[in-house]
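Enquirer: Below is a structure I'd like to ask you about.
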Amino acid sequence: MATLYVLDVPEFRTLLDAVASDSATADTVGDYVRVTTAEGPLVLERDRIGARDAVWFSALTGGYSGTMTRFDTAVLRLEG
């Protein structure tokens with residue numbers, strides 16, 4: 001199970017909307033949205049999300065649980 005914590009502000013809405021449409025669940029924890037996969041990795045593709053540089057490169061500032069196996073200009077992949 002991979003978990004990503006994302007600050008619940010409008011700037012991250014496109015990222016959260018993309019994750020919600022995938023096989024992950026999201027719930028609110030304080031000022032953050034906790035995105036969790038039941039099985040398998042959590043994979044975000046920047047082109048599909050349409051994230052600007054500032055949003056993409058600050059996506060991990062809320063923290064995560066799991067192992068980051070890829071984070072570059074195109075893909076964020078967390079393994080559980």
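Residue numbering restarts at 1 in every chain; chains get A, B, ... in the order shown in the structure tokens, and ligands count up from 1 in that same order.
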Report as a count of residues only all protein, DNA and RNA residues lying within 9 Å of Leu15 in chain A, evaluated on only C-alpha atoms, omitting residues in the same chain fewer than 5 positions from it.
Expert: 10
Enquirer: Need to verify the contact set: Pro41 in chain A, 9 Å, only C-alpha atoms, exclusion of same-chain residues closer than 2 positions in sequence. Can you return it as a ChimeraX atom specification?
Expert: /A:1-2,37-39,43,77-80
Enquirer: In Å, rounded to a single decimal, give me how far CA of Asp47 in chain A is from CA of Ala74 in chain A.
Expert: 6.9 Å
Enquirer: Taking only C-alpha atoms into account, name the residue in A:Thr67, A:Thr61, A:Thr36, A:Thr25 that is nearest to Leu7 in chain A.
Expert: A:Thr61
Enquirer: CA of Tyr64 in chain A and CA of Val35 in chain A, how far apart in Å?
Expert: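 Between CA of Val35 in chain A and CA of Tyr64 in chain A the gap is 9.2 Å.
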Enquirer: Rank nothing, just name the residue among A:Val29, A:Leu76, A:Leu4, A:Leu16 nearest to Gly63 in chain A, using only C-alpha atoms.
Expert: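 Nearest candidate to Gly63 in chain A out of A:Val29, A:Leu76, A:Leu4, A:Leu16: A:Leu4.
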Enquirer: Quick one: pick out all helix (DSSP H, G or I) residues within chain A from a backbone DSSP run and write them as a list in words.
Expert: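 Taking chain A and keeping helix (DSSP H, G or I) gives Pro10, Glu11, Phe12, Arg13, Thr14, Leu15, Leu16, Asp17, Ala18, Val19, Ala20, Arg46, Asp47, Arg48, Ile49, Asp53, Ala54, Val55, Trp56 and Phe57 of chain A.
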Enquirer: Restrict the selected residues to C-alpha atoms and save them as a PDB file, in the first residue's frame.
Expert:
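Dumped everything to again-v1.pdb:
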ATOM      1  CA  PRO A  10      -6.893  24.591  -5.010  1.00  0.00           C
ATOM      2  CA  GLU A  11      -3.422  24.453  -6.602  1.00  0.00           C
ATOM      3  CA  PHE A  12      -3.307  20.663  -6.097  1.00  0.00           C
ATOM      4  CA  ARG A  13      -6.876  19.987  -7.263  1.00  0.00           C
ATOM      5  CA  THR A  14      -5.864  18.664 -10.712  1.00  0.00           C
ATOM      6  CA  LEU A  15      -3.499  16.194  -9.090  1.00  0.00           C
ATOM      7  CA  LEU A  16      -6.152  15.032  -6.614  1.00  0.00           C
ATOM      8  CA  ASP A  17      -8.798  14.737  -9.325  1.00  0.00           C
ATOM      9  CA  ALA A  18      -6.493  12.529 -11.400  1.00  0.00           C
ATOM     10  CA  VAL A  19      -5.745  10.264  -8.452  1.00  0.00           C
ATOM     11  CA  ALA A  20      -9.419   9.989  -7.514  1.00  0.00           C
ATOM     12  CA  ARG A  46       2.432  14.505 -15.228  1.00  0.00           C
ATOM     13  CA  ASP A  47       1.169  14.830 -18.814  1.00  0.00           C
ATOM     14  CA  ARG A  48      -2.148  13.218 -17.907  1.00  0.00           C
ATOM     15  CA  ILE A  49      -2.554  15.463 -14.869  1.00  0.00           C
ATOM     16  CA  ASP A  53       6.215  22.824 -12.560  1.00  0.00           C
ATOM     17  CA  ALA A  54       5.446  24.299  -9.131  1.00  0.00           C
ATOM     18  CA  VAL A  55       2.642  21.818  -8.466  1.00  0.00           C
ATOM     19  CA  TRP A  56       4.502  18.798  -9.808  1.00  0.00           C
ATOM     20  CA  PHE A  57       7.755  19.366  -7.954  1.00  0.00           C
TER      21      PHE A  57
END
Enquirer: Counting only C-alpha atoms, figure out which residue out of A:Arg52, A:Phe71, A:Glu45, A:Tyr5 gets nearest to Gly30 in chain A.
Expert: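 Closest to Gly30 in chain A, using only C-alpha atoms: A:Tyr5.
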Enquirer: Going by DSSP on the backbone, which bits of chain A are strand (DSSP E)? Write them as number ranges by chain, please.
Expert: A: 3-7, 24-29, 32-37, 42-45, 64-65, 67-71, 75-79
Enquirer: Of the residues A:Gly40, A:Asp8, A:Thr73, A:Met68, which is the one nearest to Ala24 in chain A, using only C-alpha atoms?
Expert: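 Ranked by minimum distance to Ala24 in chain A, first place goes to A:Gly40.
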Enquirer: Please indicate the distance in Å from CA of Tyr32 in chain A to CA of Asp72 in chain A, rounded to one decimal place.
Expert: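 It comes out at 22.9 Å.
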